[in-house]
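Heads up: the structure comes next, in structure tokens.
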Amino acid sequence: MNARVNLPEAREVCPTTTRRLLSEGALLVDVRERAEVEQIAFDLAGVLQLPLSELELRFDELPRDRDLVIACQSGPRSLKATYFLMFQGYTRVSNMQGGLVKWASKGFPTRGRVPAATGAVAAGARCGPSHVSATDSCGTGSLAVPETECCVPASGSAQGASSRSPACC
Amino acid sequence: MDIKVLGTGCANCKSTIALIDQIAKEKGIPVSLQKIEELREIMGYGVMSTPGVVIDGKVVHAGGIPSRGKIEQWLAV
């Protein structure tokens, strides 16, 4: 079976950065199970559903020549999927921190019942959950931007997101 | 023999470590038994299902508690 690969830290992005990446051609991969997707889903064109339970068998369906953003309900499963894809040699892959819960808490488009935001995610009016370092949450190491300015308003477009300071997610 | 058990702290992972340790002691086989709980390191072995077992750098098992017979086979090598 497998020998060990020294994986670097996974790249992590917040929902706002995710929207920008999607507007630039990235593919959002939702690794939640089918029953979860039936309850609530990202309301975006072109989201690929690939449940974590099927990832080992089906990961080859994912393109290697396109940026991938992996998402789940709140982040841990997509992080696992991100590392798995990195192990399989994917280099253009990021984990969306906070998952669908954080996406929905920002007012970004969803279909179905919006889950209640809890804990660190609920506190995340700013870029990242409180237990995550600034570097992890925004990828820049800076949270100097006032929290209220950190993320685009709920109605903000991906275009708007990309025009923000790179320190802001 | 260097044995690593991969898992983020679930009950099955703890049981796997305990079982390997018990069988190694019963058979008087010296092993270095290590628990790997960090996700990045676990995924560095490409293991999606835990517990995983790595012996001398090679993944020999992934998902569920290994059977006593399987562990005895590993230790007999």
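Chain lettering (A, B, ...) mirrors the order of the structure tokens, residue numbering begins at 1 for each chain separately, and ligand numbering begins at 1 in order of display.
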Which residues of chain B have any atom within 7 Å of an atom in chain A when counting only C-alpha atoms, and what is the closest pair of atoms for each, with the distance in Å to one decimal? Order the rows by chain and rising number and write it as JSON lines.
```
{"residue": "B:Arg40", "atom": "CA", "partner": "A:Tyr83", "partner_atom": "CA", "distance": 6.6}
{"residue": "B:Met43", "atom": "CA", "partner": "A:Tyr83", "partner_atom": "CA", "distance": 5.9}
{"residue": "B:Gly44", "atom": "CA", "partner": "A:Val5", "partner_atom": "CA", "distance": 4.8}
{"residue": "B:Tyr45", "atom": "CA", "partner": "A:Arg4", "partner_atom": "CA", "distance": 4.6}
{"residue": "B:Gly46", "atom": "CA", "partner": "A:Phe84", "partner_atom": "CA", "distance": 6.0}
{"residue": "B:Gly57", "atom": "CA", "partner": "A:Ala3", "partner_atom": "CA", "distance": 6.1}
{"residue": "B:Lys58", "atom": "CA", "partner": "A:Ala3", "partner_atom": "CA", "distance": 5.2}
{"residue": "B:Val59", "atom": "CA", "partner": "A:Met1", "partner_atom": "CA", "distance": 5.2}
{"residue": "B:Val60", "atom": "CA", "partner": "A:Met1", "partner_atom": "CA", "distance": 6.4}
```
Which residues, written as a ChimeraX atom specification, have at least one atom at most 12 Å from range 19-32 of chain B, with only C-alpha atoms counted and residues fewer than 2 positions away on the same chain left out?
-> /B:1-5,12-17,34-35,53-56,65-77
Can you list, as a PyMOL selection string, every protein, DNA or RNA residue that comes within 10 Å of Gly46 in chain A when you count only C-alpha atoms, leaving out same-chain residues fewer than 3 positions away?
-> chain A and resi 22+26-29+42-43+49
Chain B: residues DSSP assigns to helix (DSSP H, G or I), reported as a ChimeraX atom specification = /B:11-27,39-43,68-76
Would you mind listing what lies within 6 Å of Met96 in chain A as JSON, numbers by chain, with only C-alpha atoms counted and same-chain residues fewer than 2 positions away left out?
-> {"A": [12, 13, 14, 70, 71, 99]}
Go ahead and save the picked residues with N, CA and C atoms, as a short mmCIF file (atom, residue, chain, number, x, y, z; two decimals), in the first residue's frame.
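Saved as selection_35.cif:
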```cif
data_model
loop_
_atom_site.label_atom_id
_atom_site.label_comp_id
_atom_site.auth_asym_id
_atom_site.auth_seq_id
_atom_site.Cartn_x
_atom_site.Cartn_y
_atom_site.Cartn_z
N GLU A 12 -6.03 27.31 2.50
CA GLU A 12 -7.40 27.48 2.99
C GLU A 12 -7.93 28.85 2.58
N VAL A 13 -9.17 28.88 2.16
CA VAL A 13 -9.77 30.14 1.73
C VAL A 13 -11.13 30.29 2.40
N CYS A 14 -11.54 31.52 2.57
CA CYS A 14 -12.85 31.77 3.17
C CYS A 14 -13.90 31.86 2.06
N ILE A 70 -12.64 23.01 -2.26
CA ILE A 70 -13.38 21.90 -1.67
C ILE A 70 -14.18 22.42 -0.48
N ALA A 71 -15.44 22.03 -0.41
CA ALA A 71 -16.31 22.52 0.67
C ALA A 71 -17.13 21.38 1.25
N GLY A 99 -17.07 26.05 5.62
CA GLY A 99 -18.04 25.31 4.82
C GLY A 99 -19.31 26.08 4.50
#
```
Residue neighbourhood Ile36 in chain B, 8 Å, only C-alpha atoms, exclusion window fewer than 5 positions, as number ranges by chain | B: 4-8, 41-42
Can you list, as JSON, numbers by chain, all residues belonging to range 39-129 of chain A that DSSP tags as strand (DSSP E or B)?
-> {"A": [40, 41, 42, 48, 49, 68, 69, 70, 71, 93, 94, 95, 96, 110, 111, 112]}
Please, could you write that set of residues out with all heavy atoms as a compact mmCIF listing (two decimals), in the first residue's frame?
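out_8.txt was written with the following content:
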```txt
# COMPACT_ATOMS: atom_id res chain seq x y z
N ILE A 40 -29.81 21.25 1.97
CA ILE A 40 -29.33 22.60 1.62
C ILE A 40 -28.12 22.48 0.71
O ILE A 40 -27.29 21.58 0.91
CB ILE A 40 -29.02 23.45 2.86
CG1 ILE A 40 -28.53 24.85 2.43
CG2 ILE A 40 -28.00 22.78 3.77
CD1 ILE A 40 -28.46 25.86 3.55
N ALA A 41 -28.07 23.36 -0.27
CA ALA A 41 -26.96 23.27 -1.23
C ALA A 41 -26.47 24.66 -1.61
O ALA A 41 -27.18 25.65 -1.42
CB ALA A 41 -27.43 22.53 -2.48
N PHE A 42 -25.27 24.71 -2.12
CA PHE A 42 -24.75 25.95 -2.69
C PHE A 42 -25.60 26.26 -3.92
O PHE A 42 -25.78 25.39 -4.77
CB PHE A 42 -23.29 25.78 -3.12
CG PHE A 42 -22.35 25.55 -1.97
CD1 PHE A 42 -21.98 24.27 -1.60
CD2 PHE A 42 -21.85 26.63 -1.26
CE1 PHE A 42 -21.10 24.06 -0.54
CE2 PHE A 42 -20.98 26.42 -0.19
CZ PHE A 42 -20.61 25.14 0.17
N LEU A 48 -19.79 20.87 -8.30
CA LEU A 48 -19.66 19.43 -8.48
C LEU A 48 -19.91 18.72 -7.15
O LEU A 48 -19.28 19.06 -6.14
CB LEU A 48 -18.26 19.09 -9.00
CG LEU A 48 -18.03 17.62 -9.34
CD1 LEU A 48 -18.79 17.24 -10.60
CD2 LEU A 48 -16.56 17.34 -9.53
N GLN A 49 -20.85 17.80 -7.15
CA GLN A 49 -21.13 17.01 -5.93
C GLN A 49 -20.29 15.74 -5.98
O GLN A 49 -20.43 14.94 -6.89
CB GLN A 49 -22.62 16.61 -5.87
CG GLN A 49 -23.61 17.73 -6.14
CD GLN A 49 -23.64 18.77 -5.04
OE1 GLN A 49 -23.12 18.55 -3.94
NE2 GLN A 49 -24.22 19.92 -5.34
N LEU A 68 -9.42 24.09 -7.76
CA LEU A 68 -10.52 23.42 -7.09
C LEU A 68 -10.67 24.01 -5.69
O LEU A 68 -9.67 24.20 -4.99
CB LEU A 68 -10.24 21.92 -6.95
CG LEU A 68 -9.95 21.13 -8.22
CD1 LEU A 68 -9.59 19.68 -7.88
CD2 LEU A 68 -11.14 21.18 -9.17
N VAL A 69 -11.90 24.31 -5.30
CA VAL A 69 -12.17 24.70 -3.91
C VAL A 69 -13.09 23.63 -3.33
O VAL A 69 -14.16 23.36 -3.88
CB VAL A 69 -12.83 26.09 -3.82
CG1 VAL A 69 -13.07 26.43 -2.35
CG2 VAL A 69 -11.97 27.15 -4.48
N ILE A 70 -12.64 23.01 -2.26
CA ILE A 70 -13.38 21.90 -1.67
C ILE A 70 -14.18 22.42 -0.48
O ILE A 70 -13.65 23.16 0.35
CB ILE A 70 -12.42 20.78 -1.20
CG1 ILE A 70 -11.34 20.50 -2.26
CG2 ILE A 70 -13.20 19.51 -0.87
CD1 ILE A 70 -11.84 20.02 -3.58
N ALA A 71 -15.44 22.03 -0.41
CA ALA A 71 -16.31 22.52 0.67
C ALA A 71 -17.13 21.38 1.25
O ALA A 71 -17.45 20.41 0.56
CB ALA A 71 -17.24 23.61 0.14
N VAL A 93 -5.57 23.03 -5.40
CA VAL A 93 -6.72 22.68 -4.55
C VAL A 93 -6.66 23.46 -3.25
O VAL A 93 -5.59 23.65 -2.66
CB VAL A 93 -6.73 21.14 -4.31
CG1 VAL A 93 -5.45 20.64 -3.69
CG2 VAL A 93 -7.91 20.72 -3.46
N SER A 94 -7.83 23.96 -2.83
CA SER A 94 -7.94 24.73 -1.58
C SER A 94 -9.14 24.21 -0.80
O SER A 94 -10.11 23.73 -1.37
CB SER A 94 -8.19 26.21 -1.85
OG SER A 94 -7.19 26.75 -2.67
N ASN A 95 -9.06 24.39 0.51
CA ASN A 95 -10.18 24.06 1.37
C ASN A 95 -10.94 25.34 1.71
O ASN A 95 -10.35 26.34 2.06
CB ASN A 95 -9.68 23.42 2.67
CG ASN A 95 -10.81 23.16 3.64
OD1 ASN A 95 -11.86 22.64 3.25
ND2 ASN A 95 -10.63 23.53 4.90
N MET A 96 -12.28 25.28 1.61
CA MET A 96 -13.07 26.44 2.03
C MET A 96 -13.36 26.33 3.52
O MET A 96 -14.11 25.46 3.95
CB MET A 96 -14.37 26.55 1.26
CG MET A 96 -15.07 27.88 1.54
SD MET A 96 -16.54 28.14 0.55
CE MET A 96 -17.78 27.42 1.59
N THR A 110 -27.78 30.09 -1.32
CA THR A 110 -28.00 28.68 -1.00
C THR A 110 -29.42 28.31 -1.42
O THR A 110 -30.28 29.18 -1.57
CB THR A 110 -27.86 28.40 0.51
OG1 THR A 110 -28.78 29.23 1.22
CG2 THR A 110 -26.44 28.66 1.00
N ARG A 111 -29.62 27.03 -1.55
CA ARG A 111 -30.96 26.49 -1.81
C ARG A 111 -31.31 25.58 -0.66
O ARG A 111 -30.50 24.74 -0.27
CB ARG A 111 -30.98 25.66 -3.09
CG ARG A 111 -31.25 26.43 -4.35
CD ARG A 111 -31.29 25.50 -5.56
NE ARG A 111 -29.96 24.98 -5.89
CZ ARG A 111 -29.62 23.70 -5.77
NH1 ARG A 111 -30.50 22.82 -5.32
NH2 ARG A 111 -28.41 23.30 -6.10
N GLY A 112 -32.51 25.73 -0.09
CA GLY A 112 -32.93 24.83 0.98
C GLY A 112 -32.85 25.50 2.34
O GLY A 112 -32.79 26.73 2.45
```
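In this model, the gap between CA of Gly52 in chain B and CA of Arg77 in chain A comes to 17.2 Å.
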A straight line from CA of Tyr90 in chain A to CA of Arg64 in chain A spans 6.0 Å
CA of Arg58 in chain A and CA of Glu38 in chain B are how many Å apart?
-> 24.8 Å
